[in-house]
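Visitor: File run-v6.cif follows (mmCIF, C-alpha atoms):
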data_query
#
loop_
_atom_site.label_atom_id
_atom_site.label_comp_id
_atom_site.auth_asym_id
_atom_site.auth_seq_id
_atom_site.Cartn_x
_atom_site.Cartn_y
_atom_site.Cartn_z
CA MET A 1 -68.11 -25.62 12.73
CA LYS A 2 -70.27 -26.36 9.70
CA LYS A 3 -68.09 -24.26 7.42
CA TYR A 4 -65.02 -26.05 8.78
CA ALA A 5 -66.57 -29.39 7.86
CA TRP A 6 -66.28 -28.37 4.21
CA LEU A 7 -62.53 -27.82 4.53
CA LEU A 8 -62.04 -31.06 6.43
CA GLY A 9 -64.04 -33.06 3.93
CA LEU A 10 -62.48 -31.68 0.78
CA LEU A 11 -58.90 -31.92 1.94
CA ALA A 12 -59.59 -35.36 3.38
CA ALA A 13 -60.74 -36.61 0.01
CA LEU A 14 -57.72 -35.18 -1.74
CA PHE A 15 -55.31 -36.57 0.82
CA ALA A 16 -57.02 -39.96 0.98
CA GLY A 17 -54.70 -42.83 0.27
CA CYS A 18 -51.51 -40.90 0.89
CA GLY A 19 -50.34 -43.44 3.45
CA GLY A 20 -50.94 -46.55 1.38
CA GLY A 21 -47.27 -47.45 1.19
CA GLY A 22 -46.78 -47.62 4.95
CA VAL A 23 -46.35 -45.02 7.67
CA SER A 24 -43.06 -43.16 7.87
CA GLN A 25 -41.35 -42.89 11.26
CA ASP A 26 -40.97 -39.14 10.74
CA PRO A 27 -44.42 -37.50 10.67
CA LEU A 28 -43.00 -34.64 8.58
CA ALA A 29 -42.34 -37.13 5.80
CA ASN A 30 -46.00 -38.14 5.93
CA VAL A 31 -47.03 -34.53 5.33
CA THR A 32 -44.62 -34.29 2.40
CA ASP A 33 -46.12 -37.45 0.91
CA ALA A 34 -49.60 -36.00 1.40
CA GLU A 35 -48.63 -32.96 -0.66
CA GLY A 36 -47.97 -35.24 -3.62
CA SER A 37 -51.28 -37.04 -3.16
CA LEU A 38 -53.12 -33.73 -3.02
CA TYR A 39 -51.46 -32.54 -6.20
CA GLY A 40 -52.31 -35.73 -8.04
CA ALA A 41 -55.94 -35.54 -6.98
CA GLY A 42 -56.10 -31.87 -7.91
CA GLN A 43 -54.73 -32.56 -11.39
CA GLU A 44 -57.42 -35.19 -11.99
CA TRP A 45 -60.08 -32.84 -10.64
CA VAL A 46 -59.18 -30.14 -13.16
CA GLU A 47 -59.16 -32.61 -16.06
CA GLN A 48 -62.63 -33.86 -15.17
CA ALA A 49 -64.04 -30.37 -14.66
CA LEU A 50 -62.99 -29.18 -18.12
CA GLY A 51 -65.84 -31.25 -19.53
CA PHE A 52 -68.32 -28.90 -17.87
CA PHE A 53 -67.00 -26.10 -20.08
CA GLY A 54 -67.14 -27.96 -23.38
CA ASP A 55 -69.11 -25.08 -24.88
CA LEU A 56 -66.13 -22.75 -24.31
CA LEU A 57 -63.08 -24.96 -24.77
CA PRO A 58 -61.90 -26.85 -27.87
CA ALA A 59 -62.37 -30.61 -27.69
CA SER A 60 -58.63 -31.13 -28.12
CA SER A 61 -57.90 -29.39 -24.80
CA GLN A 62 -60.22 -31.79 -22.97
CA ALA A 63 -58.71 -34.94 -24.46
CA VAL A 64 -55.08 -34.41 -23.41
CA MET A 65 -53.97 -35.25 -19.87
CA ARG A 66 -51.05 -33.11 -18.71
CA GLU A 67 -49.47 -31.80 -15.55
CA ARG A 68 -50.74 -28.34 -14.70
CA SER A 69 -49.51 -25.56 -12.49
CA LEU A 70 -51.92 -26.02 -9.58
CA THR A 71 -52.56 -23.76 -6.59
CA VAL A 72 -54.53 -24.94 -3.55
CA VAL A 73 -55.75 -22.48 -0.91
CA GLY A 74 -57.70 -23.95 2.00
CA ASP A 75 -59.03 -21.70 4.76
CA SER A 76 -61.98 -21.34 7.11
CA GLU A 77 -64.32 -20.69 4.16
CA GLY A 78 -63.40 -23.82 2.22
CA VAL A 79 -60.92 -24.82 -0.46
CA THR A 80 -60.13 -22.88 -3.62
CA LEU A 81 -58.28 -24.57 -6.50
CA LEU A 82 -56.68 -22.65 -9.36
CA ALA A 83 -54.99 -23.94 -12.52
CA ASP A 84 -54.25 -23.16 -16.15
CA PRO A 85 -57.02 -24.82 -18.22
CA VAL A 86 -55.26 -25.36 -21.58
CA ALA A 87 -51.69 -25.65 -22.85
CA LEU A 88 -50.55 -22.45 -24.55
CA SER A 89 -47.24 -21.46 -26.16
CA PRO A 90 -47.42 -17.67 -26.50
CA THR A 91 -44.49 -15.44 -27.38
CA SER A 92 -46.15 -12.29 -25.99
CA ILE A 93 -49.17 -11.23 -24.00
CA GLU A 94 -50.87 -10.29 -27.26
CA ASP A 95 -50.91 -14.00 -28.18
CA LEU A 96 -53.00 -14.69 -25.06
CA ALA A 97 -55.90 -12.44 -26.05
CA ASP A 98 -59.21 -14.37 -26.19
CA LYS A 99 -57.53 -17.46 -24.71
CA PRO A 100 -58.57 -19.22 -21.47
CA LEU A 101 -55.94 -18.48 -18.81
CA PHE A 102 -57.56 -19.48 -15.51
CA ILE A 103 -59.83 -22.15 -14.11
CA VAL A 104 -60.97 -21.49 -10.54
CA PHE A 105 -62.95 -23.71 -8.16
CA ARG A 106 -64.67 -22.04 -5.21
CA PRO A 107 -66.71 -23.55 -2.36
CA THR A 108 -70.44 -23.20 -2.95
CA ASN A 109 -71.11 -21.68 0.45
CA LYS A 110 -69.09 -18.56 -0.43
CA THR A 111 -71.28 -17.12 -3.18
CA THR A 112 -74.80 -18.00 -4.25
CA ARG A 113 -75.50 -21.07 -2.10
CA PRO A 114 -75.52 -20.67 1.70
CA GLN A 115 -75.03 -24.35 2.48
CA ALA A 116 -71.72 -26.17 2.31
CA TYR A 117 -73.33 -29.44 1.28
CA ILE A 118 -75.72 -30.33 -1.53
CA GLY A 119 -78.01 -33.31 -1.10
CA ASN A 120 -76.87 -36.17 1.12
CA ASN A 121 -73.30 -35.41 2.28
CA THR A 122 -72.31 -34.33 -1.24
CA PRO A 123 -70.31 -31.09 -1.17
CA GLY A 124 -70.31 -28.75 -4.11
CA LEU A 125 -67.84 -26.55 -5.89
CA GLN A 126 -68.44 -23.66 -8.22
CA ALA A 127 -66.13 -23.54 -11.22
CA TYR A 128 -65.15 -20.58 -13.41
CA ILE A 129 -63.15 -20.14 -16.61
CA GLY A 130 -61.33 -16.84 -17.19
CA PHE A 131 -60.47 -15.57 -20.70
CA LEU A 132 -58.07 -12.71 -21.36
CA ARG A 133 -59.79 -9.89 -23.28
CA LYS A 134 -58.38 -6.75 -24.85
CA ALA A 135 -59.85 -3.63 -23.27
CA GLN A 136 -59.67 0.01 -24.35
CA GLN A 137 -56.61 0.78 -22.26
CA ASP A 138 -55.06 -2.61 -21.55
CA TYR A 139 -56.50 -6.05 -20.73
CA GLU A 140 -59.17 -7.57 -18.53
CA VAL A 141 -60.41 -11.06 -17.66
CA GLU A 142 -63.88 -12.21 -18.66
CA TRP A 143 -65.11 -14.87 -16.25
CA TYR A 144 -67.66 -17.49 -17.30
CA GLY A 145 -69.70 -19.17 -14.59
CA ALA A 146 -73.07 -20.90 -14.36
CA ARG A 147 -75.16 -21.66 -17.42
CA GLU A 148 -78.66 -20.18 -17.22
CA ASN A 149 -81.30 -20.38 -19.95
CA GLY A 150 -78.73 -21.68 -22.42
CA ALA A 151 -76.18 -18.91 -21.81
CA ARG A 152 -73.25 -18.46 -19.44
CA ARG A 153 -73.30 -15.87 -16.68
CA THR A 154 -70.25 -13.63 -17.10
CA ALA A 155 -68.40 -10.84 -15.32
CA ARG A 156 -65.26 -8.87 -16.16
CA SER A 157 -62.31 -8.03 -13.91
CA PRO A 158 -59.93 -5.17 -14.71
CA LEU A 159 -56.27 -6.16 -14.72
CA ILE A 160 -53.15 -4.49 -13.42
CA ILE A 161 -50.25 -5.64 -15.60
CA LYS A 162 -46.58 -5.31 -14.70
CA ARG A 163 -43.71 -6.11 -17.05
CA LEU A 164 -40.07 -6.84 -16.32
CA PRO A 165 -37.30 -7.40 -18.89
CA VAL A 166 -35.48 -10.69 -18.33
CA THR A 167 -31.70 -10.51 -18.41
CA GLY A 168 -29.18 -13.06 -17.21
CA PRO A 169 -29.82 -16.21 -15.14
CA ASN A 170 -32.91 -16.28 -12.96
CA ILE A 171 -34.64 -19.01 -10.96
CA ASN A 172 -37.94 -17.20 -10.54
CA PRO A 173 -40.62 -19.95 -10.45
CA CYS A 174 -42.45 -18.14 -13.23
CA LEU A 175 -39.78 -19.47 -15.59
CA ALA A 176 -40.96 -23.04 -15.01
CA GLY A 177 -44.48 -22.34 -16.28
CA PRO A 178 -47.51 -20.14 -15.69
CA LEU A 179 -48.37 -19.56 -12.03
CA ILE A 180 -51.71 -18.55 -10.55
CA SER A 181 -52.07 -17.01 -7.10
CA TRP A 182 -54.96 -16.31 -4.74
CA ARG A 183 -55.24 -14.09 -1.71
CA LYS A 184 -57.85 -12.34 0.39
CA TRP A 185 -57.52 -8.89 1.90
CA GLY A 186 -60.50 -8.13 4.09
CA GLY A 187 -63.53 -9.10 2.02
CA ILE A 188 -61.81 -8.74 -1.37
CA TYR A 189 -60.44 -11.75 -3.26
CA VAL A 190 -57.58 -11.15 -5.68
CA PHE A 191 -56.16 -13.49 -8.31
CA ASP A 192 -52.89 -12.98 -10.10
CA GLY A 193 -50.80 -14.79 -12.67
CA CYS A 194 -47.16 -14.85 -13.69
CA ARG A 195 -45.96 -15.78 -17.20
CA GLN A 196 -42.58 -15.87 -18.86
CA PHE A 197 -42.00 -14.57 -22.37
CA SER A 198 -38.86 -13.65 -24.21
CA PRO A 199 -37.50 -11.13 -23.45
CA GLU A 200 -39.87 -10.21 -20.60
CA ARG A 201 -41.84 -11.61 -17.69
CA ILE A 202 -45.35 -10.32 -16.96
CA HIS A 203 -47.54 -10.26 -13.88
CA MET A 204 -51.29 -9.67 -14.06
CA SER A 205 -53.66 -9.26 -11.12
CA GLY A 206 -57.25 -8.26 -10.50
CA PRO A 207 -60.27 -8.66 -8.19
CA PHE A 208 -62.31 -11.83 -8.47
CA PRO A 209 -66.07 -11.27 -9.12
CA ASN A 210 -67.30 -12.82 -5.90
CA ASP A 211 -70.99 -12.37 -6.73
CA LEU A 212 -70.82 -14.34 -10.00
CA PRO A 213 -72.53 -17.77 -9.68
CA GLY A 214 -70.27 -20.55 -10.92
CA GLN A 215 -70.77 -23.83 -12.73
CA LEU A 216 -71.93 -26.21 -10.02
CA ILE A 217 -69.93 -29.43 -9.59
CA ASP A 218 -70.97 -32.09 -7.08
CA ARG A 219 -68.36 -34.32 -5.44
CA GLU A 220 -68.50 -37.28 -3.06
CA LEU A 221 -65.98 -37.12 -0.24
CA ARG A 222 -64.63 -39.52 2.33
CA PRO A 223 -64.56 -38.46 5.99
CA THR A 224 -60.89 -39.02 6.94
CA PRO A 225 -59.72 -35.66 8.37
CA ILE A 226 -56.50 -33.91 7.49
CA GLU A 227 -55.64 -33.71 11.20
CA GLU A 228 -54.52 -37.33 11.10
CA VAL A 229 -51.61 -36.24 8.91
CA LEU A 230 -50.67 -33.10 10.83
CA LYS A 231 -51.40 -33.88 14.48
CA PRO A 232 -48.45 -36.27 14.94
CA VAL A 233 -46.16 -33.45 13.81
CA TYR A 234 -47.34 -31.13 16.59
CA GLN A 235 -48.21 -33.65 19.29
CA ASN A 236 -44.88 -33.76 21.12
CA LEU A 237 -43.66 -30.24 20.37
CA LYS A 238 -43.02 -27.88 23.26
CA LYS A 239 -45.46 -25.03 22.60
CA PRO A 240 -47.26 -22.42 24.73
CA PHE A 241 -50.79 -23.26 23.51
CA GLU A 242 -52.65 -25.99 21.72
CA VAL A 243 -53.49 -25.25 18.09
CA GLU A 244 -56.79 -24.63 16.34
CA TRP A 245 -58.07 -27.11 13.74
CA PRO A 246 -58.44 -27.21 10.81
CA PRO A 247 -55.44 -25.28 9.45
CA ALA A 248 -55.07 -22.87 6.57
CA VAL A 249 -53.36 -24.61 3.65
CA LEU A 250 -51.38 -23.20 0.72
CA LEU A 251 -49.79 -25.51 -1.84
CA ARG A 252 -48.02 -24.62 -5.07
CA PRO A 253 -45.26 -26.25 -7.14
CA GLU A 254 -42.57 -24.22 -5.38
CA VAL A 255 -43.97 -23.82 -1.84
CA SER A 256 -46.04 -25.67 0.75
CA ALA A 257 -47.32 -23.79 3.80
CA ILE A 258 -49.81 -24.85 6.47
CA PHE A 259 -50.80 -22.52 9.31
CA ASN A 260 -52.50 -23.46 12.59
CA ALA A 261 -53.51 -20.60 14.88
CA TYR A 262 -52.84 -21.03 18.58
CA GLN A 263 -55.67 -21.24 21.09
CA ASN A 264 -54.26 -18.00 22.47
CA PRO A 265 -56.89 -15.84 24.24
CA ARG A 266 -55.16 -12.67 23.05
CA LEU A 267 -56.08 -13.54 19.46
CA ARG A 268 -59.74 -13.12 20.45
CA GLU A 269 -59.31 -10.21 22.85
CA ALA A 270 -57.13 -7.93 20.69
CA ARG A 271 -58.63 -4.73 19.26
CA GLN A 272 -55.68 -3.57 17.15
CA PRO A 273 -52.49 -5.11 15.69
CA ASP A 274 -50.24 -3.74 18.43
CA ASP A 275 -52.27 -5.67 21.03
CA LEU A 276 -50.67 -8.80 19.56
CA LEU A 277 -47.03 -7.68 19.59
CA GLY A 278 -44.80 -10.26 21.21
CA THR A 279 -47.48 -12.93 21.53
CA PRO A 280 -47.26 -16.32 19.76
CA LEU A 281 -49.75 -16.43 16.88
CA GLY A 282 -49.47 -20.04 15.77
CA ILE A 283 -47.42 -22.65 13.92
CA VAL A 284 -46.41 -22.67 10.26
CA TYR A 285 -45.36 -25.84 8.46
CA LEU A 286 -43.18 -24.43 5.67
CA ARG A 287 -41.36 -26.06 2.77
CA THR A 288 -39.82 -23.88 0.06
CA ALA A 289 -38.03 -24.91 -3.13
CA ASN A 290 -34.36 -24.18 -3.70
CA GLY A 291 -35.13 -24.13 -7.43
CA ALA A 292 -38.28 -23.61 -9.47
CA LYS A 293 -40.15 -26.61 -7.99
CA LEU A 294 -40.19 -28.55 -4.73
CA THR A 295 -38.32 -31.83 -4.51
CA LYS A 296 -37.95 -34.42 -1.76
CA ALA A 297 -34.65 -32.76 -0.86
CA ASP A 298 -36.43 -29.55 0.22
CA ALA A 299 -36.86 -30.07 3.95
CA ALA A 300 -39.81 -28.79 5.97
CA ARG A 301 -39.65 -26.52 8.99
CA VAL A 302 -42.20 -26.25 11.79
CA ILE A 303 -42.08 -22.61 12.87
CA GLU A 304 -43.75 -20.76 15.73
CA VAL A 305 -44.38 -17.15 14.69
CA GLU A 306 -45.04 -13.96 16.63
CA LEU A 307 -45.61 -10.39 15.50
CA ALA A 308 -42.93 -7.80 16.31
CA ARG A 309 -42.26 -4.19 15.42
CA GLU A 310 -38.83 -2.88 14.50
CA GLU A 311 -37.53 0.46 13.25
CA SER A 312 -38.04 -0.72 9.68
CA GLY A 313 -41.62 -1.85 10.36
CA TYR A 314 -43.49 -5.01 11.32
CA VAL A 315 -41.91 -8.46 11.09
CA LEU A 316 -42.86 -12.02 11.93
CA LEU A 317 -40.25 -13.61 14.17
CA GLY A 318 -40.03 -17.36 13.84
CA LYS A 319 -38.58 -20.17 15.94
CA ASN A 320 -38.09 -23.65 14.53
CA LEU A 321 -39.89 -25.82 17.09
CA ARG A 322 -37.95 -28.92 16.03
CA ASN A 323 -34.66 -27.03 16.23
CA PRO A 324 -35.18 -24.16 18.73
CA SER A 325 -31.69 -22.74 18.13
CA GLU A 326 -32.80 -21.73 14.61
CA THR A 327 -34.59 -18.39 14.42
CA LEU A 328 -36.09 -16.75 11.36
CA ARG A 329 -37.27 -13.29 10.39
CA PHE A 330 -40.04 -12.58 7.86
CA PRO A 331 -40.55 -8.89 6.92
CA VAL A 332 -44.20 -7.82 6.65
CA ARG A 333 -45.02 -5.06 4.16
CA GLU A 334 -48.56 -4.30 5.30
CA VAL A 335 -50.44 -4.71 8.58
CA ALA A 336 -54.12 -3.87 8.98
CA TRP A 337 -57.07 -4.46 11.28
CA CYS A 338 -60.27 -5.60 9.58
CA ASP A 339 -63.25 -4.56 11.71
CA GLY A 340 -66.14 -6.78 10.68
CA CYS A 341 -64.03 -9.71 9.45
CA TRP A 342 -64.51 -11.54 12.76
CA PHE A 343 -66.59 -11.12 15.92
CA PRO A 344 -66.27 -12.71 19.39
CA GLY A 345 -68.12 -16.01 19.52
CA MET A 346 -67.30 -16.91 15.91
CA PRO A 347 -64.89 -19.75 15.06
CA THR A 348 -61.36 -18.61 14.35
CA GLU A 349 -61.12 -16.99 10.90
CA ILE A 350 -57.90 -17.90 9.07
CA HIS A 351 -56.58 -17.45 5.55
CA LEU A 352 -53.17 -18.06 3.99
CA GLY A 353 -52.75 -16.65 0.50
CA ILE A 354 -49.96 -15.88 -1.95
CA GLU A 355 -49.01 -13.18 -4.46
CA ASP A 356 -46.42 -13.53 -7.22
CA GLU A 357 -43.62 -11.03 -7.67
CA LEU A 358 -41.51 -10.36 -10.76
CA GLU A 359 -38.35 -9.77 -8.73
CA ASP A 360 -36.84 -11.16 -5.55
CA PRO A 361 -38.59 -12.44 -3.49
CA PRO A 362 -40.56 -14.33 -6.16
CA TYR A 363 -43.72 -14.50 -4.05
CA LEU A 364 -45.25 -13.05 -0.88
CA PHE A 365 -47.60 -14.57 1.70
CA TYR A 366 -50.85 -13.09 3.03
CA LEU A 367 -52.11 -14.19 6.46
CA GLN A 368 -55.39 -13.46 8.22
CA ILE A 369 -56.12 -14.45 11.82
CA ASN A 370 -59.55 -13.16 12.86
CA ASN A 371 -59.31 -9.36 12.38
CA LEU A 372 -55.52 -9.24 11.94
CA LEU A 373 -54.35 -8.90 8.33
CA LEU A 374 -50.68 -9.38 7.45
CA GLY A 375 -49.77 -8.73 3.82
CA GLY A 376 -46.64 -9.01 1.73
CA ILE A 377 -44.83 -11.45 4.04
CA ALA A 378 -41.45 -12.20 2.50
CA PRO A 379 -40.50 -15.91 2.71
CA LYS A 380 -36.90 -15.19 3.72
CA LYS A 381 -34.91 -15.19 6.94
#
Could you take the file, read its structure, and then write that structure out as structure tokens?

Guide:
Amino acid sequence: MKKYAWLLGLLAALFAGCGGGGVSQDPLANVTDAEGSLYGAGQEWVEQALGFFGDLLPASSQAVMRERSLTVVGDSEGVTLLADPVALSPTSIEDLADKPLFIVFRPTNKTTRPQAYIGNNTPGLQAYIGFLRKAQQDYEVEWYGARENGARRTARSPLIIKRLPVTGPNINPCLAGPLISWRKWGGIYVFDGCRQFSPERIHMSGPFPNDLPGQLIDRELRPTPIEEVLKPVYQNLKKPFEVEWPPAVLLRPEVSAIFNAYQNPRLREARQPDDLLGTPLGIVYLRTANGAKLTKADAARVIEVELAREESGYVLLGKNLRNPSETLRFPVREVAWCDGCWFPGMPTEIHLGIEDELEDPPYLFYLQINNLLLGGIAPKK
């Protein structure tokens, strides 16, 4: 449970104060309000952290407060934040060469430091800045982490770059600004970014250098848990099992998703994906934007999901627990079993990630529950 304490603490601090204007009668509205509080706190966090990279960034980029495209991924390992560090106005990918494109915050207990807390109840993050570099064949990202003996530790990630000409109207979220995604597949972490140019849209992705020590940032957190926001949503729902806490969290400008695994014994007893066919896996709180960004008008669903297999392949079948007559279907592109990702006796291992796409659907989900890996989940009925 120690590693879960990190997730509880960090999200609690970010969500703190979200109910200051009074408690809504609908607990779903409280979760929606908490999303806004989290985003505001995340924006401030990025602004403050830029000062730690003053040796790499121009002073002008640190002096201007602005809204950034922020991605929050919280799972059983901690919370990862991703954002664009500086405002750029490129007309092509060539204009981005030698520019900082990514700032990433990772929990300290994932890389060089085994503990989730530093000092007296002060959690730590490791921060990284990623610059686009021209390579022999294409491009790569050079990551800057901890400063040691007056110099930054660095590592390079090869990039896979896809390009798509843009023609006609399109509401792909990439049009609203640069997006940064994060997902885990087994033990490999992958980042990707989506940017709009004229007349093309590009997508770049690559593995994150997990063994690179980052710039250490200490933070004080308050102990209010995120469960206080979510538990009222699930408390009176008719469901086959109680849920595990804490949840996996994924927040972006155009989507909010929170997954709680069920306390279903089959999730711990299964030895292959087909052992879980037809069994309830957990509950997803899901809110997706009708346009490029979420608004208050985009309603949330609370969906129970189970894994099924059809002639076309695997799918997640969903039932809206607040409106049981509504059923949903989410195609799954890839299903795998990760031996070694989880062992009996360990706390439930969960991860909810995202990958951008250049065409419809504009993004795909990635879900891990213990050894079960579900990739390329399309967010459509």

Visitor: For the PyMOL selection byres ((chain A and resi 348) around 6), applied here, can you spell out every residue it catches as a PyMOL selection string?

Guide: chain A and resi 347+349+370

Visitor: Starting from the shown file, work through the PyMOL selection byres ((chain A and resi 367) around 8) and note down what comes out as a list in words.

Guide: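 What the PyMOL selection byres ((chain A and resi 367) around 8) grabs from the file is Ile350, His351, Leu352, Gly353, Phe365, Tyr366, Gln368, Ile369, Leu373, Leu374 and Gly375 of chain A.
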
Visitor: Work out how far apart atom CA of A:Glu47 and atom CA of A:Ala97 are and give it in Å to one decimal.

Guide: 22.7 Å

Visitor: Between A:Val79, A:Asp138, A:Leu56, A:Ile129, single out the one closest to A:Ile93, counting all atoms listed in the file.

Guide: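 Of the candidates, the smallest distance to A:Ile93 is held by A:Asp138.
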
Visitor: Convert the output of the PyMOL selection byres ((chain A and resi 336) around 10) on the shown file into explicit residues, formatted as a list of chain:residue names.

Guide: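 Applied to this file, the PyMOL selection byres ((chain A and resi 336) around 10) returns A:Trp185, A:Gly186, A:Gln272, A:Pro273, A:Glu334, A:Val335, A:Trp337, A:Cys338, A:Asp339, A:Gln368, A:Asn371, A:Leu372, A:Leu373, A:Leu374, A:Gly375.
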
Visitor: Quote the spacing between atom CA of A:Ile161 and atom CA of A:His203 in Å to one decimal place.

Guide: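 We find that atom CA of A:Ile161 and atom CA of A:His203 lie 5.6 Å from each other.
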
Visitor: List the spatial neighbours of A:Thr80 as a PyMOL selection string - criterion: any atom at most 7 Å away, all atoms listed in the file, same-chain residues fewer than 3 positions off excluded.

Guide: chain A and resi 72-74+105-107

Visitor: Calculated over all atoms listed in the file, which of the candidates A:Pro280, A:Pro213, A:Gly193, A:Gly187 has the smallest distance to A:Tyr144?

Guide: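 Nearest to A:Tyr144: A:Pro213.
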
Visitor: Calculate how many Å separate atom CA of A:Arg309 from atom CA of A:Thr279, rounding to one decimal.

Guide: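 Those two atoms sit 11.9 Å apart.
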
Visitor: Using all atoms listed in the file, which of the listed residues (A:Ser69, A:Pro362, A:Leu82, A:Trp143) sits closest to A:Pro100?

Guide: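 Using all atoms listed in the file, the shortest distance to A:Pro100 belongs to A:Trp143.
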
Visitor: With all atoms of stretch 291-305 of chain A from the file as input, state the centre and edge lengths in Å to one decimal of the axis-aligned box that has 8 Å extra on each side, as AutoDock Vina command-line options.

Guide:
--center_x -39.5 --center_y -25.8 --center_z 3.1 --size_x 25.7 --size_y 33.3 --size_z 41.2

Visitor: Fewer than 5 positions away in the same chain doesn't count, so skip those; otherwise give me all residues within 12 Å of A:Leu230, counting all atoms listed in the file, as a PyMOL selection string.

Guide: chain A and resi 12+15+26-35+225+235-236+243-249+258-260+283-285+302

Visitor: Residues at most 12 Å from A:Tyr314, counting all atoms listed in the file, excluding those fewer than 2 positions away in the same chain, as an mmCIF file with C-alpha atoms, in the frame of the given file?

Guide:
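The resulting around38.cif:
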data_model
loop_
_atom_site.group_PDB
_atom_site.id
_atom_site.type_symbol
_atom_site.label_atom_id
_atom_site.label_comp_id
_atom_site.auth_asym_id
_atom_site.auth_seq_id
_atom_site.Cartn_x
_atom_site.Cartn_y
_atom_site.Cartn_z
ATOM 1 C CA PRO A 273 -52.490 -5.110 15.690
ATOM 2 C CA ASP A 274 -50.240 -3.740 18.430
ATOM 3 C CA LEU A 276 -50.670 -8.800 19.560
ATOM 4 C CA LEU A 277 -47.030 -7.680 19.590
ATOM 5 C CA GLY A 278 -44.800 -10.260 21.210
ATOM 6 C CA GLU A 306 -45.040 -13.960 16.630
ATOM 7 C CA LEU A 307 -45.610 -10.390 15.500
ATOM 8 C CA ALA A 308 -42.930 -7.800 16.310
ATOM 9 C CA ARG A 309 -42.260 -4.190 15.420
ATOM 10 C CA GLU A 310 -38.830 -2.880 14.500
ATOM 11 C CA GLU A 311 -37.530 0.460 13.250
ATOM 12 C CA SER A 312 -38.040 -0.720 9.680
ATOM 13 C CA LEU A 316 -42.860 -12.020 11.930
ATOM 14 C CA LEU A 317 -40.250 -13.610 14.170
ATOM 15 C CA ARG A 329 -37.270 -13.290 10.390
ATOM 16 C CA PHE A 330 -40.040 -12.580 7.860
ATOM 17 C CA PRO A 331 -40.550 -8.890 6.920
ATOM 18 C CA VAL A 332 -44.200 -7.820 6.650
ATOM 19 C CA ARG A 333 -45.020 -5.060 4.160
ATOM 20 C CA GLU A 334 -48.560 -4.300 5.300
ATOM 21 C CA VAL A 335 -50.440 -4.710 8.580
ATOM 22 C CA ALA A 336 -54.120 -3.870 8.980
ATOM 23 C CA LEU A 373 -54.350 -8.900 8.330
ATOM 24 C CA LEU A 374 -50.680 -9.380 7.450
ATOM 25 C CA GLY A 375 -49.770 -8.730 3.820
ATOM 26 C CA GLY A 376 -46.640 -9.010 1.730
ATOM 27 C CA ILE A 377 -44.830 -11.450 4.040
ATOM 28 C CA ALA A 378 -41.450 -12.200 2.500
#

Visitor: Name the closest residue to A:Arg195 among the candidates A:Arg271, A:Lys231, A:Arg183, A:Lys162; distances are taken between atoms, counting only C-alpha atoms.

Guide: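 Among the listed residues, A:Lys162 lies closest to A:Arg195.
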
Visitor: Which residues come within 9 Å of A:Glu254, counting only C-alpha atoms, excluding same-chain residues fewer than 4 positions away, as a ChimeraX atom specification?

Guide: /A:173,287-295

Visitor: Take the residues that were just selected and, keeping C-alpha atoms, output them as a PDB file, keeping the file's coordinate frame.

Guide:
ATOM      1  CA  PRO A 173     -40.620 -19.950 -10.450  1.00  0.00           C
ATOM      2  CA  ARG A 287     -41.360 -26.060   2.770  1.00  0.00           C
ATOM      3  CA  THR A 288     -39.820 -23.880   0.060  1.00  0.00           C
ATOM      4  CA  ALA A 289     -38.030 -24.910  -3.130  1.00  0.00           C
ATOM      5  CA  ASN A 290     -34.360 -24.180  -3.700  1.00  0.00           C
ATOM      6  CA  GLY A 291     -35.130 -24.130  -7.430  1.00  0.00           C
ATOM      7  CA  ALA A 292     -38.280 -23.610  -9.470  1.00  0.00           C
ATOM      8  CA  LYS A 293     -40.150 -26.610  -7.990  1.00  0.00           C
ATOM      9  CA  LEU A 294     -40.190 -28.550  -4.730  1.00  0.00           C
ATOM     10  CA  THR A 295     -38.320 -31.830  -4.510  1.00  0.00           C
TER      11      THR A 295
END

Visitor: Excluding same-chain residues fewer than 5 positions from A:Leu101, what lies within 9 Å of it counting only C-alpha atoms, as a PDB file with C-alpha atoms, in the coordinates of the input?

Guide:
ATOM      1  CA  ALA A  83     -54.990 -23.940 -12.520  1.00  0.00           C
ATOM      2  CA  ASP A  84     -54.250 -23.160 -16.150  1.00  0.00           C
ATOM      3  CA  PRO A  85     -57.020 -24.820 -18.220  1.00  0.00           C
ATOM      4  CA  VAL A  86     -55.260 -25.360 -21.580  1.00  0.00           C
ATOM      5  CA  LEU A  88     -50.550 -22.450 -24.550  1.00  0.00           C
ATOM      6  CA  LEU A  96     -53.000 -14.690 -25.060  1.00  0.00           C
ATOM      7  CA  ILE A 129     -63.150 -20.140 -16.610  1.00  0.00           C
ATOM      8  CA  GLY A 130     -61.330 -16.840 -17.190  1.00  0.00           C
ATOM      9  CA  PHE A 131     -60.470 -15.570 -20.700  1.00  0.00           C
ATOM     10  CA  LEU A 132     -58.070 -12.710 -21.360  1.00  0.00           C
ATOM     11  CA  VAL A 141     -60.410 -11.060 -17.660  1.00  0.00           C
ATOM     12  CA  GLY A 193     -50.800 -14.790 -12.670  1.00  0.00           C
TER      13      GLY A 193
END
